[in-house]
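K.L.:
final_17.pdb (PDB, C-alpha atoms) pasted underneath:
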```pdb
ATOM      1  CA  MET A   1       0.000   0.000   0.000  1.00  0.00           C
ATOM      2  CA  VAL A   2       1.292   3.421  -0.963  1.00  0.00           C
ATOM      3  CA  GLU A   3       1.572   6.224   1.603  1.00  0.00           C
ATOM      4  CA  PHE A   4       2.747   9.778   1.006  1.00  0.00           C
ATOM      5  CA  LYS A   5       3.267  12.823   3.183  1.00  0.00           C
ATOM      6  CA  VAL A   6       1.983  15.718   1.125  1.00  0.00           C
ATOM      7  CA  VAL A   7       3.260  19.132   2.214  1.00  0.00           C
ATOM      8  CA  VAL A   8       0.774  21.725   0.959  1.00  0.00           C
ATOM      9  CA  SER A   9       2.098  25.309   0.949  1.00  0.00           C
ATOM     10  CA  ASP A  10      -0.231  28.288   1.037  1.00  0.00           C
ATOM     11  CA  PRO A  11       1.322  31.220  -0.869  1.00  0.00           C
ATOM     12  CA  LYS A  12      -1.155  33.721   0.657  1.00  0.00           C
ATOM     13  CA  THR A  13      -0.167  33.089   4.289  1.00  0.00           C
ATOM     14  CA  GLY A  14       3.263  31.521   3.843  1.00  0.00           C
ATOM     15  CA  ARG A  15       2.274  28.493   5.952  1.00  0.00           C
ATOM     16  CA  ALA A  16       2.677  24.835   5.062  1.00  0.00           C
ATOM     17  CA  TYR A  17       0.347  22.016   6.090  1.00  0.00           C
ATOM     18  CA  ASN A  18       1.062  18.270   6.271  1.00  0.00           C
ATOM     19  CA  VAL A  19      -1.472  15.854   4.791  1.00  0.00           C
ATOM     20  CA  ASP A  20      -1.073  12.079   5.064  1.00  0.00           C
ATOM     21  CA  ALA A  21      -2.226  10.432   1.834  1.00  0.00           C
ATOM     22  CA  SER A  22      -2.833   6.702   1.658  1.00  0.00           C
ATOM     23  CA  GLY A  23      -5.017   4.350  -0.347  1.00  0.00           C
ATOM     24  CA  GLY A  24      -7.058   6.078  -3.047  1.00  0.00           C
ATOM     25  CA  ALA A  25      -5.676   9.533  -2.312  1.00  0.00           C
ATOM     26  CA  ALA A  26      -2.111   8.308  -2.815  1.00  0.00           C
ATOM     27  CA  GLY A  27      -3.172   6.344  -5.890  1.00  0.00           C
ATOM     28  CA  ALA A  28      -4.422   9.555  -7.468  1.00  0.00           C
ATOM     29  CA  ILE A  29      -0.923  11.052  -7.187  1.00  0.00           C
ATOM     30  CA  VAL A  30       1.014   8.045  -8.555  1.00  0.00           C
ATOM     31  CA  GLY A  31       1.834   8.547 -12.229  1.00  0.00           C
ATOM     32  CA  LYS A  32       1.709  12.354 -12.058  1.00  0.00           C
ATOM     33  CA  ARG A  33       4.792  14.459 -12.742  1.00  0.00           C
ATOM     34  CA  ILE A  34       6.380  17.447 -11.067  1.00  0.00           C
ATOM     35  CA  GLY A  35       4.614  20.480 -12.521  1.00  0.00           C
ATOM     36  CA  ASP A  36       1.226  18.754 -12.874  1.00  0.00           C
ATOM     37  CA  GLU A  37      -1.857  20.347 -11.325  1.00  0.00           C
ATOM     38  CA  LEU A  38      -4.475  18.131  -9.687  1.00  0.00           C
ATOM     39  CA  GLU A  39      -7.673  18.263  -7.646  1.00  0.00           C
ATOM     40  CA  ALA A  40      -6.997  18.064  -3.896  1.00  0.00           C
ATOM     41  CA  GLY A  41     -10.476  16.775  -2.997  1.00  0.00           C
ATOM     42  CA  SER A  42      -9.103  13.264  -2.436  1.00  0.00           C
ATOM     43  CA  LEU A  43      -6.693  14.728   0.151  1.00  0.00           C
ATOM     44  CA  GLY A  44      -9.556  16.268   2.117  1.00  0.00           C
ATOM     45  CA  LEU A  45      -9.213  19.729   0.581  1.00  0.00           C
ATOM     46  CA  ALA A  46     -12.554  20.155  -1.182  1.00  0.00           C
ATOM     47  CA  GLY A  47     -12.497  22.765  -3.947  1.00  0.00           C
ATOM     48  CA  TYR A  48      -8.715  23.163  -3.856  1.00  0.00           C
ATOM     49  CA  ARG A  49      -6.294  22.560  -6.719  1.00  0.00           C
ATOM     50  CA  ILE A  50      -2.606  21.961  -6.026  1.00  0.00           C
ATOM     51  CA  LEU A  51       0.522  22.092  -8.178  1.00  0.00           C
ATOM     52  CA  ILE A  52       3.196  19.444  -7.523  1.00  0.00           C
ATOM     53  CA  THR A  53       6.459  21.344  -7.021  1.00  0.00           C
ATOM     54  CA  GLY A  54       8.831  18.615  -5.839  1.00  0.00           C
ATOM     55  CA  ALA A  55       9.291  15.277  -4.129  1.00  0.00           C
ATOM     56  CA  SER A  56      11.802  13.013  -2.401  1.00  0.00           C
ATOM     57  CA  ASP A  57      12.111   9.267  -1.913  1.00  0.00           C
ATOM     58  CA  ARG A  58      12.719   7.161   1.202  1.00  0.00           C
ATOM     59  CA  THR A  59      16.489   7.753   1.078  1.00  0.00           C
ATOM     60  CA  GLY A  60      16.149  11.524   0.719  1.00  0.00           C
ATOM     61  CA  ILE A  61      17.018  11.708  -2.971  1.00  0.00           C
ATOM     62  CA  THR A  62      15.142  14.596  -4.548  1.00  0.00           C
ATOM     63  CA  ALA A  63      13.203  14.541  -7.795  1.00  0.00           C
ATOM     64  CA  LYS A  64      14.020  17.033 -10.510  1.00  0.00           C
ATOM     65  CA  LYS A  65      11.553  18.453 -13.017  1.00  0.00           C
ATOM     66  CA  GLY A  66      12.240  17.772 -16.660  1.00  0.00           C
ATOM     67  CA  ILE A  67      13.938  14.380 -16.294  1.00  0.00           C
ATOM     68  CA  PRO A  68      11.928  11.747 -18.189  1.00  0.00           C
ATOM     69  CA  GLY A  69      11.150   8.335 -16.737  1.00  0.00           C
ATOM     70  CA  ALA A  70      10.416   7.052 -13.282  1.00  0.00           C
ATOM     71  CA  GLY A  71      13.676   5.854 -11.719  1.00  0.00           C
ATOM     72  CA  ARG A  72      16.975   7.163 -10.423  1.00  0.00           C
ATOM     73  CA  LYS A  73      19.497   8.704 -12.776  1.00  0.00           C
ATOM     74  CA  LYS A  74      23.122   9.720 -12.271  1.00  0.00           C
ATOM     75  CA  LEU A  75      23.548  13.184 -13.737  1.00  0.00           C
ATOM     76  CA  LEU A  76      26.443  15.614 -13.978  1.00  0.00           C
ATOM     77  CA  LEU A  77      25.144  18.690 -12.151  1.00  0.00           C
ATOM     78  CA  ALA A  78      26.554  22.194 -11.917  1.00  0.00           C
ATOM     79  CA  GLY A  79      23.955  23.501  -9.453  1.00  0.00           C
ATOM     80  CA  GLY A  80      20.265  23.661  -8.716  1.00  0.00           C
ATOM     81  CA  ILE A  81      18.088  20.939  -7.195  1.00  0.00           C
ATOM     82  CA  GLY A  82      20.156  18.092  -5.763  1.00  0.00           C
ATOM     83  CA  PHE A  83      23.549  19.843  -5.733  1.00  0.00           C
ATOM     84  CA  HIS A  84      24.803  23.164  -4.404  1.00  0.00           C
ATOM     85  CA  PRO A  85      28.412  23.796  -5.518  1.00  0.00           C
ATOM     86  CA  THR A  86      30.885  25.350  -3.082  1.00  0.00           C
ATOM     87  CA  MET A  87      33.354  26.601  -5.729  1.00  0.00           C
ATOM     88  CA  ASP A  88      32.837  28.436  -9.020  1.00  0.00           C
ATOM     89  CA  GLY A  89      32.592  26.025 -11.943  1.00  0.00           C
ATOM     90  CA  GLU A  90      32.271  22.949  -9.733  1.00  0.00           C
ATOM     91  CA  ARG A  91      30.376  20.029 -11.229  1.00  0.00           C
ATOM     92  CA  ARG A  92      29.580  16.686  -9.660  1.00  0.00           C
ATOM     93  CA  ARG A  93      27.834  13.482 -10.675  1.00  0.00           C
ATOM     94  CA  LYS A  94      24.841  13.038  -8.354  1.00  0.00           C
ATOM     95  CA  THR A  95      21.928  10.620  -8.136  1.00  0.00           C
ATOM     96  CA  ILE A  96      18.607  12.316  -8.874  1.00  0.00           C
ATOM     97  CA  ARG A  97      15.063  10.948  -9.204  1.00  0.00           C
ATOM     98  CA  ALA A  98      13.104  11.459 -12.402  1.00  0.00           C
ATOM     99  CA  SER A  99      10.027  13.670 -12.316  1.00  0.00           C
ATOM    100  CA  GLU A 100       7.347  10.938 -12.419  1.00  0.00           C
ATOM    101  CA  ILE A 101       5.811  10.123  -9.012  1.00  0.00           C
ATOM    102  CA  THR A 102       6.108   6.414  -8.151  1.00  0.00           C
ATOM    103  CA  GLN A 103       5.481   4.244  -5.097  1.00  0.00           C
ATOM    104  CA  ASP A 104       9.077   4.799  -3.934  1.00  0.00           C
ATOM    105  CA  PHE A 105       8.397   8.418  -2.983  1.00  0.00           C
ATOM    106  CA  VAL A 106       7.724   9.398   0.632  1.00  0.00           C
ATOM    107  CA  GLN A 107       7.168  13.163   0.499  1.00  0.00           C
ATOM    108  CA  ILE A 108       5.390  15.228  -2.140  1.00  0.00           C
ATOM    109  CA  ASN A 109       5.662  19.022  -2.066  1.00  0.00           C
ATOM    110  CA  ALA A 110       2.756  21.020  -3.470  1.00  0.00           C
ATOM    111  CA  ARG A 111       1.478  24.597  -3.701  1.00  0.00           C
ATOM    112  CA  VAL A 112      -2.142  25.765  -3.677  1.00  0.00           C
ATOM    113  CA  THR A 113      -3.200  27.268  -7.005  1.00  0.00           C
ATOM    114  CA  THR A 114      -6.998  27.451  -6.581  1.00  0.00           C
ATOM    115  CA  TYR A 115      -8.670  27.957  -3.212  1.00  0.00           C
ATOM    116  CA  GLY A 116     -11.822  26.277  -1.944  1.00  0.00           C
ATOM    117  CA  GLU A 117     -14.629  27.733   0.164  1.00  0.00           C
ATOM    118  CA  LYS A 118     -13.051  27.061   3.568  1.00  0.00           C
ATOM    119  CA  PRO A 119      -9.641  28.569   4.391  1.00  0.00           C
ATOM    120  CA  LEU A 120      -6.824  26.143   5.169  1.00  0.00           C
ATOM    121  CA  ASP A 121      -6.628  27.404   8.779  1.00  0.00           C
ATOM    122  CA  GLU A 122     -10.114  25.968   9.375  1.00  0.00           C
ATOM    123  CA  LEU A 123      -9.305  22.663   7.683  1.00  0.00           C
ATOM    124  CA  PHE A 124      -6.110  22.259   9.723  1.00  0.00           C
ATOM    125  CA  PRO A 125      -6.733  23.420  13.301  1.00  0.00           C
ATOM    126  CA  LYS A 126      -3.735  24.586  15.308  1.00  0.00           C
ATOM    127  CA  VAL A 127      -2.154  21.993  17.551  1.00  0.00           C
ATOM    128  CA  GLU A 128      -1.111  22.874  21.086  1.00  0.00           C
ATOM    129  CA  GLY A 129       2.621  23.369  21.357  1.00  0.00           C
ATOM    130  CA  GLU A 130       2.945  24.498  17.731  1.00  0.00           C
ATOM    131  CA  LYS A 131       5.438  27.276  17.095  1.00  0.00           C
ATOM    132  CA  LYS A 132       4.029  30.774  17.247  1.00  0.00           C
ATOM    133  CA  ALA A 133       4.458  33.138  14.317  1.00  0.00           C
ATOM    134  CA  GLU A 134       5.490  35.966  16.630  1.00  0.00           C
ATOM    135  CA  LYS A 135       9.171  36.793  16.956  1.00  0.00           C
ATOM    136  CA  SER A 136      10.578  36.803  20.456  1.00  0.00           C
ATOM    137  CA  ALA A 137      13.226  39.150  21.763  1.00  0.00           C
ATOM    138  CA  PRO A 138      16.823  37.959  21.318  1.00  0.00           C
ATOM    139  CA  LYS A 139      18.285  36.152  24.309  1.00  0.00           C
ATOM    140  CA  ALA A 140      21.081  37.784  26.285  1.00  0.00           C
ATOM    141  CA  ARG A 141      24.429  36.014  26.123  1.00  0.00           C
ATOM    142  CA  VAL A 142      25.799  34.764  29.396  1.00  0.00           C
ATOM    143  CA  GLY A 143      29.125  33.087  29.868  1.00  0.00           C
ATOM    144  CA  LYS A 144      32.666  33.285  28.487  1.00  0.00           C
ATOM    145  CA  LYS A 145      33.653  35.924  25.995  1.00  0.00           C
TER     146      LYS A 145
END
```
What is this file in structure tokens?
P.N.:
Amino acid sequence: MVEFKVVVSDPKTGRAYNVDASGGAAGAIVGKRIGDELEAGSLGLAGYRILITGASDRTGITAKKGIPGAGRKKLLLAGGIGFHPTMDGERRRKTIRASEITQDFVQINARVTTYGEKPLDELFPKVEGEKKAEKSAPKARVGKK
């Protein structure tokens, strides 16, 4: 049975929400590609449409848009998703996942493109102990200088 953690980002508020997708909801995502837009009703977000922006598999290997197929590929990268060079002109051969969503993926990243009737804050109630959006004052340093 396929299970995904779908991270849905809300561009209006800047918040992200976690949705666990299994069974039919996860089956609706399998076979899609990064950059595809789909109905989020199966994820419990009635009236919402989401755009798949990225994904990663169980070992943490990220998927890159524009790579055909459904498996892992070893690519020579000079920067971008999957590799961040430390020196100018640095290139490295890295393992990257293709853009098609398969059962090997664990996390799917998505962004809301069309909003439903209810706001996401109502669909995902705040949990006690969740971080507050307010910034606190910086802590004073105590100890050796």
K.L.:
Which is closer to A:Leu43 than all the others in A:Ser56, A:Thr62, A:Asn109, A:Ser22, using all atoms listed in the file?
P.N.:
A:Ser22
K.L.:
Carefully work through the PyMOL selection byres ((chain A and resi 80) around 12) for this structure and note down the residues it includes, as JSON, numbers by chain.
P.N.:
{"A": [62, 63, 64, 65, 76, 77, 78, 79, 81, 82, 83, 84, 85, 91, 92, 94, 96]}
K.L.:
Would you please work out which residue, of A:Leu123, A:Ala55, A:Leu75, A:Leu38, is nearest to A:Val7 when using all atoms listed in the file?
P.N.:
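So, comparing all the options, the nearest one is A:Ala55.
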K.L.:
So what does the PyMOL selection byres ((chain A and resi 20) around 7) actually pick up in this one, as a short mmCIF file (atom, residue, chain, number, x, y, z; two decimals) with C-alpha atoms, keeping the file's coordinate frame?
P.N.:
```cif
data_model
loop_
_atom_site.label_atom_id
_atom_site.label_comp_id
_atom_site.auth_asym_id
_atom_site.auth_seq_id
_atom_site.Cartn_x
_atom_site.Cartn_y
_atom_site.Cartn_z
CA PHE A 4 2.75 9.78 1.01
CA LYS A 5 3.27 12.82 3.18
CA VAL A 6 1.98 15.72 1.12
CA ASN A 18 1.06 18.27 6.27
CA VAL A 19 -1.47 15.85 4.79
CA ALA A 21 -2.23 10.43 1.83
CA SER A 22 -2.83 6.70 1.66
#
```
K.L.:
Could you list, with a cut-off of 12 Å and counting all atoms listed in the file, the residues of stretch 40-125 of chain A near stretch 10-14 of chain A, each shown with its nearest atom pair and the distance in Å rounded to one decimal, rows sorted by chain and ascending number, as a tab-separated table?
P.N.:
```
residue	atom	partner	partner_atom	distance
A:Tyr48	CA	A:Asp10	CA	11.1
A:Arg49	CA	A:Asp10	CA	11.4
A:Ile50	CA	A:Asp10	CA	9.8
A:Leu51	CA	A:Asp10	CA	11.1
A:Asn109	CA	A:Asp10	CA	11.4
A:Ala110	CA	A:Asp10	CA	9.1
A:Arg111	CA	A:Asp10	CA	6.2
A:Val112	CA	A:Asp10	CA	5.7
A:Thr113	CA	A:Pro11	CA	8.6
A:Thr114	CA	A:Asp10	CA	10.2
A:Tyr115	CA	A:Asp10	CA	9.5
A:Pro119	CA	A:Asp10	CA	10.0
A:Leu120	CA	A:Asp10	CA	8.1
A:Asp121	CA	A:Thr13	CA	9.7
```
K.L.:
Write the residues of the preceding selection, restricted to C-alpha atoms, as a PDB file, in the frame of the given file.
P.N.:
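Below is the file that was written, result19.pdb:
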```
ATOM      1  CA  TYR A  48      -8.715  23.163  -3.856  1.00  0.00           C
ATOM      2  CA  ARG A  49      -6.294  22.560  -6.719  1.00  0.00           C
ATOM      3  CA  ILE A  50      -2.606  21.961  -6.026  1.00  0.00           C
ATOM      4  CA  LEU A  51       0.522  22.092  -8.178  1.00  0.00           C
ATOM      5  CA  ASN A 109       5.662  19.022  -2.066  1.00  0.00           C
ATOM      6  CA  ALA A 110       2.756  21.020  -3.470  1.00  0.00           C
ATOM      7  CA  ARG A 111       1.478  24.597  -3.701  1.00  0.00           C
ATOM      8  CA  VAL A 112      -2.142  25.765  -3.677  1.00  0.00           C
ATOM      9  CA  THR A 113      -3.200  27.268  -7.005  1.00  0.00           C
ATOM     10  CA  THR A 114      -6.998  27.451  -6.581  1.00  0.00           C
ATOM     11  CA  TYR A 115      -8.670  27.957  -3.212  1.00  0.00           C
ATOM     12  CA  PRO A 119      -9.641  28.569   4.391  1.00  0.00           C
ATOM     13  CA  LEU A 120      -6.824  26.143   5.169  1.00  0.00           C
ATOM     14  CA  ASP A 121      -6.628  27.404   8.779  1.00  0.00           C
TER      15      ASP A 121
END
```
K.L.:
How far is it from atom CA of A:Glu39 to atom CA of A:Val127, in Å with one decimal?
P.N.:
26.1 Å
K.L.:
Could you please determine the separation between atom CA of A:Lys74 and atom CA of A:Arg93 in Å, to one decimal place?
P.N.:
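That distance, rounded to one decimal, is 6.2 Å.
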K.L.:
Assuming the chain letters and numbering stay as they are in my file, what does the PyMOL selection byres ((chain A and resi 58) around 9) actually select? List them as a PyMOL selection string.
P.N.:
chain A and resi 56-57+59-61+104-107
K.L.:
Using only C-alpha atoms, give me every residue within 6 Å of (16.8, 10.0, -9.2) in file coordinates, as a list in words.
P.N.:
Ala63, Gly71, Arg72, Lys73, Thr95, Ile96, Arg97 and Ala98 of chain A
K.L.:
Might you pull out every residue within 10 Å of A:Gly66, with all atoms listed in the file counted and same-chain residues fewer than 2 positions away left off, and present them as a short mmCIF file (atom, residue, chain, number, x, y, z; two decimals) with C-alpha atoms, keeping the file's coordinate frame?
P.N.:
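Just written: result-v4.cif:
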```cif
data_model
loop_
_atom_site.label_atom_id
_atom_site.label_comp_id
_atom_site.auth_asym_id
_atom_site.auth_seq_id
_atom_site.Cartn_x
_atom_site.Cartn_y
_atom_site.Cartn_z
CA ARG A 33 4.79 14.46 -12.74
CA ILE A 34 6.38 17.45 -11.07
CA GLY A 35 4.61 20.48 -12.52
CA ALA A 63 13.20 14.54 -7.80
CA LYS A 64 14.02 17.03 -10.51
CA PRO A 68 11.93 11.75 -18.19
CA GLY A 69 11.15 8.34 -16.74
CA ALA A 98 13.10 11.46 -12.40
CA SER A 99 10.03 13.67 -12.32
CA GLU A 100 7.35 10.94 -12.42
#
```
K.L.:
Padding 4 Å on each side, edges along x, y and z: where is the centre of the box around the listed atoms of stretch 4-21 of chain A, and how long are its edges in Å to one decimal? Output it as AutoDock Vina command-line options.
P.N.:
```
--center_x 0.5 --center_y 21.7 --center_z 2.7 --size_x 13.5 --size_y 31.9 --size_z 15.1
```
K.L.:
Residues at most 10 Å from A:Gly24, counting only C-alpha atoms, excluding those fewer than 6 positions away in the same chain, as a PyMOL selection string?
P.N.:
chain A and resi 1-3+30+42-43
